[in-house]
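Shown below: coords03.cif, with mmCIF, C-alpha atoms.
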data_input
#
loop_
_atom_site.label_atom_id
_atom_site.label_comp_id
_atom_site.auth_asym_id
_atom_site.auth_seq_id
_atom_site.Cartn_x
_atom_site.Cartn_y
_atom_site.Cartn_z
CA MET H 96 5.45 1.56 -14.62
CA VAL H 97 2.56 1.32 -12.20
CA LEU H 98 -0.13 -1.32 -11.69
CA ILE H 99 -3.43 -0.38 -10.06
CA ILE H 100 -5.61 -3.11 -8.52
CA ASP H 101 -9.14 -1.68 -8.38
CA ALA H 102 -11.13 -3.76 -5.87
CA GLN H 103 -13.36 -1.01 -4.50
CA ILE H 104 -16.63 -2.35 -5.98
CA ALA H 105 -16.37 -6.13 -6.46
CA GLY H 106 -13.64 -6.97 -3.94
CA ILE H 107 -10.93 -9.50 -4.76
CA SER H 108 -10.46 -13.26 -4.83
CA GLY H 109 -7.61 -15.44 -6.02
CA ASP H 110 -9.34 -16.45 -9.25
CA MET H 111 -10.31 -12.83 -10.01
CA ILE H 112 -6.75 -11.51 -9.78
CA LEU H 113 -5.45 -14.45 -11.84
CA SER H 114 -8.14 -13.98 -14.49
CA SER H 115 -7.53 -10.22 -14.69
CA LEU H 116 -3.82 -10.85 -15.32
CA VAL H 117 -4.70 -13.27 -18.13
CA ASN H 118 -7.05 -10.62 -19.55
CA LEU H 119 -4.18 -8.14 -19.30
CA GLY H 120 -2.06 -10.39 -21.53
CA ALA H 121 -0.38 -13.04 -19.37
CA ASN H 122 0.42 -16.24 -21.30
CA LYS H 123 -2.55 -18.55 -20.66
CA SER H 124 -0.79 -21.69 -21.86
CA ARG H 125 2.22 -21.10 -19.60
CA ILE H 126 -0.05 -20.61 -16.60
CA ILE H 127 -2.10 -23.74 -17.26
CA GLU H 128 1.01 -25.83 -17.88
CA GLY H 129 2.56 -24.60 -14.63
CA ILE H 130 -0.61 -25.29 -12.67
CA TYR H 131 -0.81 -28.89 -13.92
CA THR H 132 2.66 -29.40 -12.43
CA ALA H 133 1.14 -29.03 -8.96
CA GLU H 134 -0.88 -32.24 -9.30
CA SER H 135 2.18 -34.37 -8.65
CA PHE H 136 2.86 -32.57 -5.34
CA LEU H 137 -0.65 -32.76 -3.87
CA ASP H 138 -2.25 -36.13 -3.09
CA ASP H 139 -5.91 -36.86 -3.84
CA SER H 140 -6.39 -33.87 -6.14
CA LYS H 141 -6.63 -34.03 -9.91
CA ILE H 142 -7.48 -31.22 -12.31
CA THR H 143 -9.96 -32.49 -14.91
CA ASN H 144 -10.43 -29.19 -16.71
CA ILE H 145 -8.85 -25.73 -16.55
CA ASP H 146 -9.32 -22.82 -18.91
CA PHE H 147 -9.76 -19.08 -19.06
CA VAL H 148 -12.88 -18.03 -20.96
CA SER H 149 -14.60 -14.82 -21.96
CA VAL H 150 -17.81 -14.07 -20.04
CA GLN H 151 -20.19 -11.16 -19.55
CA LYS H 152 -20.92 -9.76 -16.12
CA ASN H 153 -23.69 -7.15 -16.15
CA GLY H 154 -22.77 -6.27 -19.72
CA LYS H 155 -19.00 -6.13 -19.09
CA VAL H 156 -16.81 -8.61 -20.97
CA ALA H 157 -14.18 -10.17 -18.71
CA THR H 158 -12.01 -13.25 -18.35
CA GLN H 159 -13.08 -15.99 -15.94
CA LEU H 160 -11.18 -19.02 -14.64
CA ILE H 161 -12.92 -22.33 -15.30
CA LEU H 162 -11.59 -25.01 -12.94
CA GLU H 163 -12.93 -28.54 -12.50
CA VAL H 164 -11.22 -30.90 -10.09
CA ASP H 165 -11.61 -34.46 -8.91
CA GLU H 166 -10.88 -34.52 -5.20
CA ASN H 167 -12.50 -35.72 -2.02
CA VAL H 168 -10.67 -33.61 0.52
CA HIS H 169 -12.39 -31.88 3.44
CA GLU H 170 -9.29 -30.65 5.19
CA ARG H 171 -5.57 -30.50 4.51
CA LYS H 172 -2.53 -29.31 6.46
CA GLY H 173 -1.48 -25.81 5.51
CA THR H 174 2.13 -26.94 5.26
CA ASP H 175 1.13 -29.51 2.60
CA VAL H 176 -0.40 -26.76 0.46
CA LYS H 177 2.66 -24.60 1.06
CA ASN H 178 5.09 -27.36 0.06
CA CYS H 179 3.07 -28.04 -3.08
CA ILE H 180 3.28 -24.38 -4.12
CA ILE H 181 7.02 -24.12 -3.41
CA ASP H 182 7.93 -27.44 -5.07
CA SER H 183 5.81 -26.61 -8.14
CA ALA H 184 7.34 -23.14 -8.42
CA LYS H 185 10.85 -24.57 -8.31
CA LYS H 186 10.06 -27.31 -10.84
CA ILE H 187 8.73 -24.86 -13.45
CA GLY H 188 11.64 -22.47 -12.92
CA LEU H 189 9.68 -19.55 -11.49
CA SER H 190 11.80 -16.47 -10.89
CA LYS H 191 13.14 -15.64 -7.43
CA SER H 192 10.60 -12.81 -7.15
CA GLY H 193 7.79 -15.16 -8.16
CA LEU H 194 8.83 -17.83 -5.67
CA ASN H 195 9.21 -15.26 -2.90
CA PHE H 196 5.74 -13.81 -3.62
CA ALA H 197 4.05 -17.23 -3.74
CA THR H 198 5.74 -18.34 -0.51
CA LYS H 199 4.77 -15.15 1.34
CA SER H 200 1.18 -15.38 0.11
CA ILE H 201 0.61 -18.90 1.43
CA ASN H 202 2.50 -18.01 4.62
CA THR H 203 0.08 -15.12 5.16
CA LEU H 204 -2.88 -17.46 4.81
CA ILE H 205 -1.38 -20.00 7.22
CA SER H 206 -0.47 -17.29 9.73
CA ALA H 207 -4.01 -15.88 9.69
CA GLU H 208 -5.51 -19.31 10.34
CA SER H 209 -2.98 -19.91 13.11
CA LYS H 210 -3.97 -16.71 14.91
CA VAL H 211 -7.70 -17.33 14.46
CA HIS H 212 -7.56 -20.85 15.89
CA GLY H 213 -4.78 -20.26 18.43
CA GLU H 214 -2.55 -23.07 17.24
CA PRO H 215 1.01 -23.29 15.86
CA GLU H 216 1.43 -22.65 12.14
CA SER H 217 2.84 -26.15 11.71
CA SER H 218 -0.47 -27.60 12.97
CA VAL H 219 -2.85 -25.43 10.93
CA HIS H 220 -5.40 -27.35 8.87
CA PHE H 221 -7.21 -25.70 5.96
CA HIS H 222 -10.88 -26.41 5.36
CA GLU H 223 -12.24 -23.94 2.78
CA ALA H 224 -8.66 -23.44 1.49
CA ALA H 225 -7.88 -27.18 1.45
CA SER H 226 -8.77 -27.61 -2.23
CA ILE H 227 -6.20 -27.39 -5.00
CA ASP H 228 -8.02 -24.12 -5.83
CA THR H 229 -5.70 -22.35 -3.39
CA VAL H 230 -2.62 -23.66 -5.19
CA VAL H 231 -4.10 -22.69 -8.56
CA ASP H 232 -4.80 -19.11 -7.41
CA ILE H 233 -1.43 -18.42 -5.76
CA LEU H 234 0.83 -20.34 -8.14
CA GLY H 235 -1.09 -19.14 -11.20
CA THR H 236 -0.90 -15.51 -10.08
CA ALA H 237 2.85 -15.82 -9.48
CA ILE H 238 3.35 -17.25 -12.99
CA ALA H 239 1.20 -14.50 -14.54
CA LEU H 240 3.02 -11.70 -12.71
CA ASP H 241 6.33 -13.24 -13.76
CA ASP H 242 5.19 -13.53 -17.36
CA LEU H 243 4.10 -9.88 -17.49
CA ASN H 244 7.28 -8.77 -15.66
CA LEU H 245 5.22 -6.88 -13.07
CA PHE H 246 7.23 -7.64 -9.94
CA ASN H 247 9.44 -4.59 -10.54
CA ASP H 248 6.49 -2.24 -11.06
CA GLU H 249 4.93 0.00 -8.45
CA ILE H 250 1.67 -1.66 -7.38
CA ILE H 251 -1.19 0.29 -5.79
CA CYS H 252 -4.60 -0.90 -4.70
CA SER H 253 -7.87 0.89 -4.09
CA PRO H 254 -9.84 0.45 -0.87
CA VAL H 255 -11.10 -3.14 -0.90
CA ALA H 256 -14.81 -4.02 -0.85
CA ILE H 257 -15.57 -6.86 1.53
CA GLY H 258 -19.37 -6.90 1.35
CA GLY H 259 -21.65 -7.45 4.35
CA GLY H 260 -24.05 -9.85 5.94
CA SER H 261 -22.75 -13.17 7.21
CA VAL H 262 -20.61 -16.04 5.95
CA THR H 263 -20.91 -19.73 6.71
CA PHE H 264 -17.76 -21.81 6.94
CA SER H 265 -16.48 -25.04 8.48
CA HIS H 266 -16.75 -23.73 12.05
CA GLY H 267 -20.22 -22.26 11.68
CA LYS H 268 -21.53 -18.81 10.89
CA THR H 269 -20.00 -15.39 11.48
CA SER H 270 -20.49 -11.82 10.37
CA ASN H 271 -18.66 -10.74 7.24
CA PRO H 272 -15.69 -10.20 7.07
CA ALA H 273 -14.62 -13.57 8.43
CA TYR H 274 -11.92 -13.86 11.09
CA ALA H 275 -9.13 -14.73 8.66
CA ILE H 276 -9.83 -11.66 6.50
CA LEU H 277 -9.46 -9.39 9.51
CA GLU H 278 -6.19 -11.04 10.51
CA ILE H 279 -4.78 -10.70 6.99
CA PHE H 280 -5.58 -7.00 6.67
CA LYS H 281 -4.66 -6.16 10.27
CA ASN H 282 -1.60 -3.89 10.60
CA THR H 283 -1.45 -3.22 6.84
CA GLU H 284 -2.04 0.06 5.03
CA ILE H 285 -4.92 -1.41 3.02
CA ILE H 286 -8.35 0.09 3.67
CA ILE H 287 -11.40 -2.17 3.69
CA GLN H 288 -14.97 -1.04 3.16
CA GLY H 289 -18.39 -2.73 3.16
CA GLY H 290 -21.14 -2.06 0.67
CA THR H 291 -24.77 -2.78 -0.09
CA ILE H 292 -24.22 -6.47 -0.86
CA THR H 293 -24.84 -8.93 1.97
CA ASP H 294 -22.32 -11.41 0.60
CA GLU H 295 -18.61 -12.15 0.78
CA LEU H 296 -16.74 -10.08 -1.81
CA THR H 297 -13.16 -10.69 -0.67
CA THR H 298 -11.76 -14.14 0.08
CA PRO H 299 -8.85 -15.02 2.37
CA THR H 300 -6.77 -16.20 -0.60
CA GLY H 301 -7.46 -12.98 -2.52
CA ALA H 302 -6.59 -10.92 0.56
CA SER H 303 -3.35 -12.89 1.11
CA ILE H 304 -2.30 -12.31 -2.49
CA LEU H 305 -3.12 -8.60 -2.30
CA VAL H 306 -1.20 -7.79 0.88
CA ASN H 307 1.89 -9.43 -0.60
CA LEU H 308 1.62 -7.45 -3.82
CA THR H 309 1.33 -3.97 -2.35
CA LYS H 310 1.61 -1.94 0.81
CA THR H 311 0.11 1.14 -0.87
CA CYS H 312 -3.61 1.89 -0.82
CA SER H 313 -5.18 4.99 -2.37
CA GLU H 314 -8.73 6.23 -2.81
CA PHE H 315 -7.71 7.90 -6.07
CA TYR H 316 -5.76 6.83 -9.13
CA PRO H 317 -2.29 8.37 -9.41
CA PRO H 318 -1.40 10.43 -12.50
CA ILE H 319 -0.71 7.77 -15.15
CA LYS H 320 -0.82 7.18 -18.90
CA ILE H 321 -2.86 3.99 -19.31
CA ASP H 322 -1.27 1.26 -21.43
CA SER H 323 -3.60 -1.69 -20.76
CA VAL H 324 -6.53 -2.79 -18.61
CA GLY H 325 -7.41 -6.29 -17.39
CA TYR H 326 -10.82 -7.49 -16.21
CA GLY H 327 -11.14 -10.65 -14.10
CA ALA H 328 -14.61 -12.06 -13.38
CA GLY H 329 -15.64 -13.79 -10.19
CA SER H 330 -17.96 -16.78 -10.11
CA LYS H 331 -20.87 -14.99 -8.42
CA ASP H 332 -23.41 -12.71 -10.09
CA PHE H 333 -24.82 -9.57 -8.50
CA GLY H 334 -27.65 -7.42 -9.81
CA GLU H 335 -26.23 -4.09 -8.63
CA PHE H 336 -22.79 -4.30 -10.26
CA ALA H 337 -20.50 -6.40 -12.41
CA ASN H 338 -18.56 -8.88 -10.29
CA VAL H 339 -15.31 -7.89 -11.99
CA LEU H 340 -11.88 -6.93 -10.68
CA LYS H 341 -10.12 -4.20 -12.68
CA ILE H 342 -6.36 -3.90 -12.98
CA VAL H 343 -4.81 -0.98 -14.80
CA ASN H 344 -1.23 -0.90 -16.08
CA GLY H 345 0.43 2.32 -17.17
CA LYS H 346 3.29 4.76 -16.93
CA THR H 347 3.54 7.42 -14.26
CA LYS H 348 3.33 10.94 -15.65
CA ILE H 349 5.50 12.49 -12.96
CA ASN H 350 8.27 11.20 -10.76
CA LEU H 351 6.65 11.58 -7.37
CA VAL H 352 6.60 9.48 -4.23
CA LYS H 353 3.37 9.13 -2.25
CA ASP H 354 3.05 9.02 1.51
CA THR H 355 0.42 9.78 4.14
CA VAL H 356 0.60 12.54 6.73
CA GLN H 357 -1.63 13.74 9.55
CA ILE H 358 -2.94 17.29 9.61
CA LEU H 359 -3.76 18.73 13.04
CA GLU H 360 -5.78 21.95 13.24
CA THR H 361 -7.09 24.11 16.04
CA ASN H 362 -8.42 27.67 16.38
CA VAL H 363 -7.26 29.88 19.24
CA ASP H 364 -8.32 33.45 20.00
CA ASP H 365 -6.54 34.29 23.25
CA VAL H 366 -2.91 33.27 22.71
CA SER H 367 -0.08 35.81 22.40
CA GLY H 368 2.46 35.94 19.62
CA GLU H 369 5.25 35.04 22.05
CA VAL H 370 3.45 31.83 23.05
CA LEU H 371 2.79 30.91 19.44
CA GLY H 372 6.42 31.49 18.47
CA ASN H 373 7.66 29.31 21.32
CA MET H 374 5.05 26.67 20.43
CA ILE H 375 6.28 26.50 16.82
CA GLU H 376 9.85 25.79 17.95
CA LYS H 377 8.70 23.05 20.32
CA ILE H 378 6.44 21.40 17.76
CA MET H 379 9.12 21.40 15.07
CA SER H 380 11.65 19.90 17.47
CA ASN H 381 9.14 17.13 18.22
CA GLY H 382 8.98 15.92 14.63
CA ALA H 383 6.47 18.17 12.84
CA LYS H 384 7.04 18.53 9.12
CA ASP H 385 5.53 22.01 8.99
CA VAL H 386 3.52 24.48 11.05
CA THR H 387 1.33 27.23 9.65
CA ILE H 388 -0.54 29.94 11.58
CA THR H 389 -3.21 31.88 9.71
CA SER H 390 -5.22 34.87 10.95
CA GLY H 391 -8.98 34.88 10.47
CA ILE H 392 -12.37 35.93 11.80
CA THR H 393 -14.72 33.50 13.56
CA LYS H 394 -18.20 33.75 15.09
CA LYS H 395 -19.32 37.09 16.49
CA GLY H 396 -16.49 38.82 14.60
CA ARG H 397 -13.80 37.44 16.89
CA PRO H 398 -10.23 37.45 15.55
CA THR H 399 -8.66 33.98 15.56
CA GLN H 400 -5.44 32.18 14.78
CA LEU H 401 -5.74 28.89 12.86
CA ILE H 402 -2.84 26.60 13.81
CA SER H 403 -2.20 23.87 11.23
CA VAL H 404 0.44 21.20 11.80
CA ILE H 405 1.64 18.55 9.33
CA CYS H 406 3.23 15.50 10.93
CA ASP H 407 3.53 11.73 10.64
CA SER H 408 1.68 9.19 12.77
CA GLU H 409 4.73 8.51 14.97
CA SER H 410 4.99 12.11 16.21
CA MET H 411 1.24 12.90 16.26
CA ASN H 412 0.53 12.07 19.91
CA SER H 413 3.41 14.12 21.32
CA ILE H 414 2.42 17.07 19.13
CA LEU H 415 -1.21 16.80 20.28
CA GLU H 416 -0.05 17.03 23.89
CA LEU H 417 2.10 20.06 23.08
CA LEU H 418 -0.73 21.87 21.31
CA VAL H 419 -3.00 21.42 24.32
CA ALA H 420 -0.31 22.31 26.87
CA GLU H 421 0.97 25.40 25.05
CA THR H 422 -2.28 26.93 23.77
CA LYS H 423 -4.88 25.58 26.26
CA THR H 424 -7.04 24.71 23.25
CA LEU H 425 -10.17 22.66 23.99
CA GLY H 426 -10.18 20.68 20.77
CA ILE H 427 -8.01 19.61 17.83
CA ARG H 428 -9.19 18.38 14.44
CA ILE H 429 -7.24 15.51 12.87
CA ARG H 430 -7.35 14.15 9.34
CA ASN H 431 -5.21 11.89 7.18
CA SER H 432 -3.95 13.36 3.93
CA GLU H 433 -2.16 11.68 1.05
CA ARG H 434 0.57 13.71 -0.57
CA TYR H 435 3.02 13.33 -3.42
CA VAL H 436 6.55 14.57 -2.90
CA VAL H 437 9.50 14.89 -5.24
CA PRO H 438 12.15 12.29 -4.30
CA ARG H 439 15.22 13.98 -2.90
CA SER H 440 18.38 13.14 -1.01
CA ILE H 441 20.31 15.03 1.64
CA GLU H 442 23.95 15.64 0.71
CA GLN H 443 26.79 17.05 2.79
CA ASP H 444 29.80 19.05 1.67
CA THR H 445 32.59 20.73 3.62
CA VAL H 446 32.91 24.39 2.64
CA GLU H 447 35.95 26.55 3.45
CA ILE H 448 35.40 30.28 4.00
CA ASP H 449 38.10 32.65 5.30
CA GLY H 450 40.18 29.71 6.50
CA HIS H 451 37.28 28.12 8.39
CA LYS H 452 35.70 24.81 7.36
CA PHE H 453 31.97 24.26 7.77
CA PRO H 454 29.85 21.16 7.12
CA VAL H 455 26.88 22.12 4.95
CA HIS H 456 23.79 19.96 4.36
CA TYR H 457 21.49 20.46 1.40
CA LYS H 458 18.57 18.72 -0.29
CA ILE H 459 18.88 17.90 -3.97
CA VAL H 460 16.55 16.29 -6.49
CA LYS H 461 18.02 13.43 -8.50
CA GLY H 462 18.84 14.52 -12.03
CA ASP H 463 18.33 18.20 -11.18
CA SER H 464 20.95 20.86 -10.58
CA HIS H 465 18.74 22.74 -8.12
CA PHE H 466 19.45 22.26 -4.42
CA LYS H 467 18.30 23.82 -1.16
CA ILE H 468 20.71 24.46 1.70
CA GLU H 469 19.45 23.65 5.19
CA PHE H 470 18.30 26.78 7.02
CA GLU H 471 20.05 25.93 10.30
CA ASP H 472 23.42 25.56 8.53
CA ILE H 473 23.09 28.95 6.84
CA LYS H 474 22.03 30.54 10.13
CA SER H 475 24.92 29.03 12.09
CA ILE H 476 27.58 29.95 9.51
CA SER H 477 26.09 33.43 9.10
CA ASN H 478 26.45 34.06 12.84
CA SER H 479 29.98 32.63 12.90
CA LEU H 480 31.17 34.88 10.08
CA ASN H 481 29.14 37.92 11.18
CA MET H 482 27.65 38.00 7.70
CA SER H 483 24.06 38.54 6.58
CA PHE H 484 21.89 35.50 5.97
CA ASN H 485 21.46 36.30 2.26
CA GLN H 486 25.18 36.85 1.72
CA THR H 487 26.00 33.60 3.49
CA GLU H 488 23.50 31.61 1.44
CA GLU H 489 24.81 33.08 -1.82
CA LEU H 490 28.42 32.31 -0.87
CA LEU H 491 27.61 28.75 0.22
CA ARG H 492 25.69 28.10 -3.00
CA GLU H 493 28.67 29.30 -5.04
CA LYS H 494 31.07 27.04 -3.10
CA ILE H 495 28.79 23.99 -3.40
CA ASN H 496 28.34 24.55 -7.14
CA GLN H 497 32.14 24.52 -7.52
CA THR H 498 32.45 21.17 -5.73
CA ARG H 499 29.60 19.61 -7.78
CA LYS H 500 31.19 20.39 -11.15
#
Turn this file's structure into structure tokens for me.
Amino acid sequence: MVLIIDAQIAGISGDMILSSLVNLGANKSRIIEGIYTAESFLDDSKITNIDFVSVQKNGKVATQLILEVDENVHERKGTDVKNCIIDSAKKIGLSKSGLNFATKSINTLISAESKVHGEPESSVHFHEAASIDTVVDILGTAIALDDLNLFNDEIICSPVAIGGGSVTFSHGKTSNPAYAILEIFKNTEIIIQGGTITDELTTPTGASILVNLTKTCSEFYPPIKIDSVGYGAGSKDFGEFANVLKIVNGKTKINLVKDTVQILETNVDDVSGEVLGNMIEKIMSNGAKDVTITSGITKKGRPTQLISVICDSESMNSILELLVAETKTLGIRIRNSERYVVPRSIEQDTVEIDGHKFPVHYKIVKGDSHFKIEFEDIKSISNSLNMSFNQTEELLREKINQTRK
């Protein structure tokens, strides 16, 4: 199963993700009952009314959290909010996954505030997040995810809309996104984007919840069969769009794993075949996943060679240096590319041929009888036995098939 959190238009807040999960089918009564438990662990805060109601946002029906509280709190220690969440989660018997998620979410919020203000996490005081609202959002979301059994699903998010303009908070005014938002999304794989709205679309609590739900962000939906959709409304109203968070739950159509690679490209028109051949070997030994050289024609009818390299971010810089050093190119184009790959494992067998034993590595897809022997192993054994490459591969495949039966 896969869950898609679509925050690319309206952003995300704690109440929006909680409301969307209720709209998806989470048990409303269980959530409300669990939230009321938190009152006994947080002084000076009392919930006078909580409900999830149906509303319309720009013509779209969605679920919205209604929360009324009696509290006169302007600031509260982050550790007090954290202890309330943890103690409440334990009292209601939240699963280990739910407790872990809730704890990490509030830790993320505390850590962001600590970095922004330059003080130890134990000393952090919440202002905007001091209300019991923060507990309701994080604890309620944990209960809802637990109820829907979503912690074991693959969770993907879209790029997250943050809005624009400025925001006013306890320490004054700043451009949007606020400092805490930047700290929360920093060093994650989640992409943020602005928009035409000069307002805050993503809150620190919503961001903290999101980064602890997924590390995968995609501009496009993966191939899925949709089972259900949840719509969670925010409290604000915008004329240009419905202030609604979409979450989509479904089954993956194909068993693929997604990752991100870098594609490096450059055109050269004065490099010999010997240099290119040597360059390919060097680039592959420096971590490239693949290298392709394609002939073409450029301006003024000049023949050219298009060099295209696929690599990961860790090896990109060293490969860039090699491309420049080996080809003397004056420029390299770089782009990120998402890809889906079939999950595979690398196995090793010992094969005996003519009294000699050779270790052989091969890639195999789970649940599939097809496998691919590593080129270097075939080459090495072929040279050792003075046998053709094709003959060696055929013989190794026959031996491996015997051991796999």
- Would you kindly identify which residues have an atom no farther than 7 Å from (18.5, 13.8, -0.3), using all atoms listed in the file and the file's own coordinates, and write them out as a list in words?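 Selection result: Arg439, Ser440, Ile441, Glu442, Lys458, Ile459 and Val460 of chain H.
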(Q) Could you list, as a PyMOL selection string, every residue matched by the PyMOL selection byres ((chain H and resi 160) around 7) in this structure? (A) chain H and resi 110+114+146-148+158-159+161-162
Atoms to include: C-alpha atoms. Write the selected residues as a PDB file, in the frame of the given file.
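Result file follows (out07.pdb):
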ATOM      1  CA  ASP H 110      -9.340 -16.450  -9.250  1.00  0.00           C
ATOM      2  CA  SER H 114      -8.140 -13.980 -14.490  1.00  0.00           C
ATOM      3  CA  ASP H 146      -9.320 -22.820 -18.910  1.00  0.00           C
ATOM      4  CA  PHE H 147      -9.760 -19.080 -19.060  1.00  0.00           C
ATOM      5  CA  VAL H 148     -12.880 -18.030 -20.960  1.00  0.00           C
ATOM      6  CA  THR H 158     -12.010 -13.250 -18.350  1.00  0.00           C
ATOM      7  CA  GLN H 159     -13.080 -15.990 -15.940  1.00  0.00           C
ATOM      8  CA  ILE H 161     -12.920 -22.330 -15.300  1.00  0.00           C
ATOM      9  CA  LEU H 162     -11.590 -25.010 -12.940  1.00  0.00           C
TER      10      LEU H 162
END
Nearest to Ser432 of chain H, restricted to all atoms listed in the file and choosing among H:Asn485, H:Asn373, H:Thr355, H:Ser390, comes out as H:Thr355
With distances taken over only C-alpha atoms, the candidate from H:Phe136, H:Phe246, H:Phe315, H:Tyr131 nearest Leu98 of chain H is H:Phe246
A straight line from atom CA of Asp175 of chain H to atom CA of Leu137 of chain H spans 7.5 Å
For Ala328 of chain H, the closest of H:Gln151, H:Ile145, H:Ile104, H:Glu278 counting all atoms listed in the file is H:Gln151
Hits from the PyMOL selection byres ((chain H and resi 418) around 12), listed as a PDB file with C-alpha atoms, keeping the file's coordinate frame:
ATOM      1  CA  LEU H 359      -3.760  18.730  13.040  1.00  0.00           C
ATOM      2  CA  GLU H 360      -5.780  21.950  13.240  1.00  0.00           C
ATOM      3  CA  THR H 361      -7.090  24.110  16.040  1.00  0.00           C
ATOM      4  CA  ASN H 362      -8.420  27.670  16.380  1.00  0.00           C
ATOM      5  CA  VAL H 363      -7.260  29.880  19.240  1.00  0.00           C
ATOM      6  CA  VAL H 366      -2.910  33.270  22.710  1.00  0.00           C
ATOM      7  CA  VAL H 370       3.450  31.830  23.050  1.00  0.00           C
ATOM      8  CA  LEU H 371       2.790  30.910  19.440  1.00  0.00           C
ATOM      9  CA  ASN H 373       7.660  29.310  21.320  1.00  0.00           C
ATOM     10  CA  MET H 374       5.050  26.670  20.430  1.00  0.00           C
ATOM     11  CA  ILE H 375       6.280  26.500  16.820  1.00  0.00           C
ATOM     12  CA  GLU H 376       9.850  25.790  17.950  1.00  0.00           C
ATOM     13  CA  LYS H 377       8.700  23.050  20.320  1.00  0.00           C
ATOM     14  CA  ILE H 378       6.440  21.400  17.760  1.00  0.00           C
ATOM     15  CA  MET H 379       9.120  21.400  15.070  1.00  0.00           C
ATOM     16  CA  ASN H 381       9.140  17.130  18.220  1.00  0.00           C
ATOM     17  CA  ALA H 383       6.470  18.170  12.840  1.00  0.00           C
ATOM     18  CA  VAL H 386       3.520  24.480  11.050  1.00  0.00           C
ATOM     19  CA  ILE H 402      -2.840  26.600  13.810  1.00  0.00           C
ATOM     20  CA  SER H 403      -2.200  23.870  11.230  1.00  0.00           C
ATOM     21  CA  VAL H 404       0.440  21.200  11.800  1.00  0.00           C
ATOM     22  CA  MET H 411       1.240  12.900  16.260  1.00  0.00           C
ATOM     23  CA  ASN H 412       0.530  12.070  19.910  1.00  0.00           C
ATOM     24  CA  SER H 413       3.410  14.120  21.320  1.00  0.00           C
ATOM     25  CA  ILE H 414       2.420  17.070  19.130  1.00  0.00           C
ATOM     26  CA  LEU H 415      -1.210  16.800  20.280  1.00  0.00           C
ATOM     27  CA  GLU H 416      -0.050  17.030  23.890  1.00  0.00           C
ATOM     28  CA  LEU H 417       2.100  20.060  23.080  1.00  0.00           C
ATOM     29  CA  VAL H 419      -3.000  21.420  24.320  1.00  0.00           C
ATOM     30  CA  ALA H 420      -0.310  22.310  26.870  1.00  0.00           C
ATOM     31  CA  GLU H 421       0.970  25.400  25.050  1.00  0.00           C
ATOM     32  CA  THR H 422      -2.280  26.930  23.770  1.00  0.00           C
ATOM     33  CA  LYS H 423      -4.880  25.580  26.260  1.00  0.00           C
ATOM     34  CA  THR H 424      -7.040  24.710  23.250  1.00  0.00           C
ATOM     35  CA  LEU H 425     -10.170  22.660  23.990  1.00  0.00           C
ATOM     36  CA  GLY H 426     -10.180  20.680  20.770  1.00  0.00           C
ATOM     37  CA  ILE H 427      -8.010  19.610  17.830  1.00  0.00           C
ATOM     38  CA  ARG H 428      -9.190  18.380  14.440  1.00  0.00           C
TER      39      ARG H 428
END
Pairwise distance, atom CA of Glu214 of chain H with atom CA of Lys281 of chain H, equals 18.4 Å
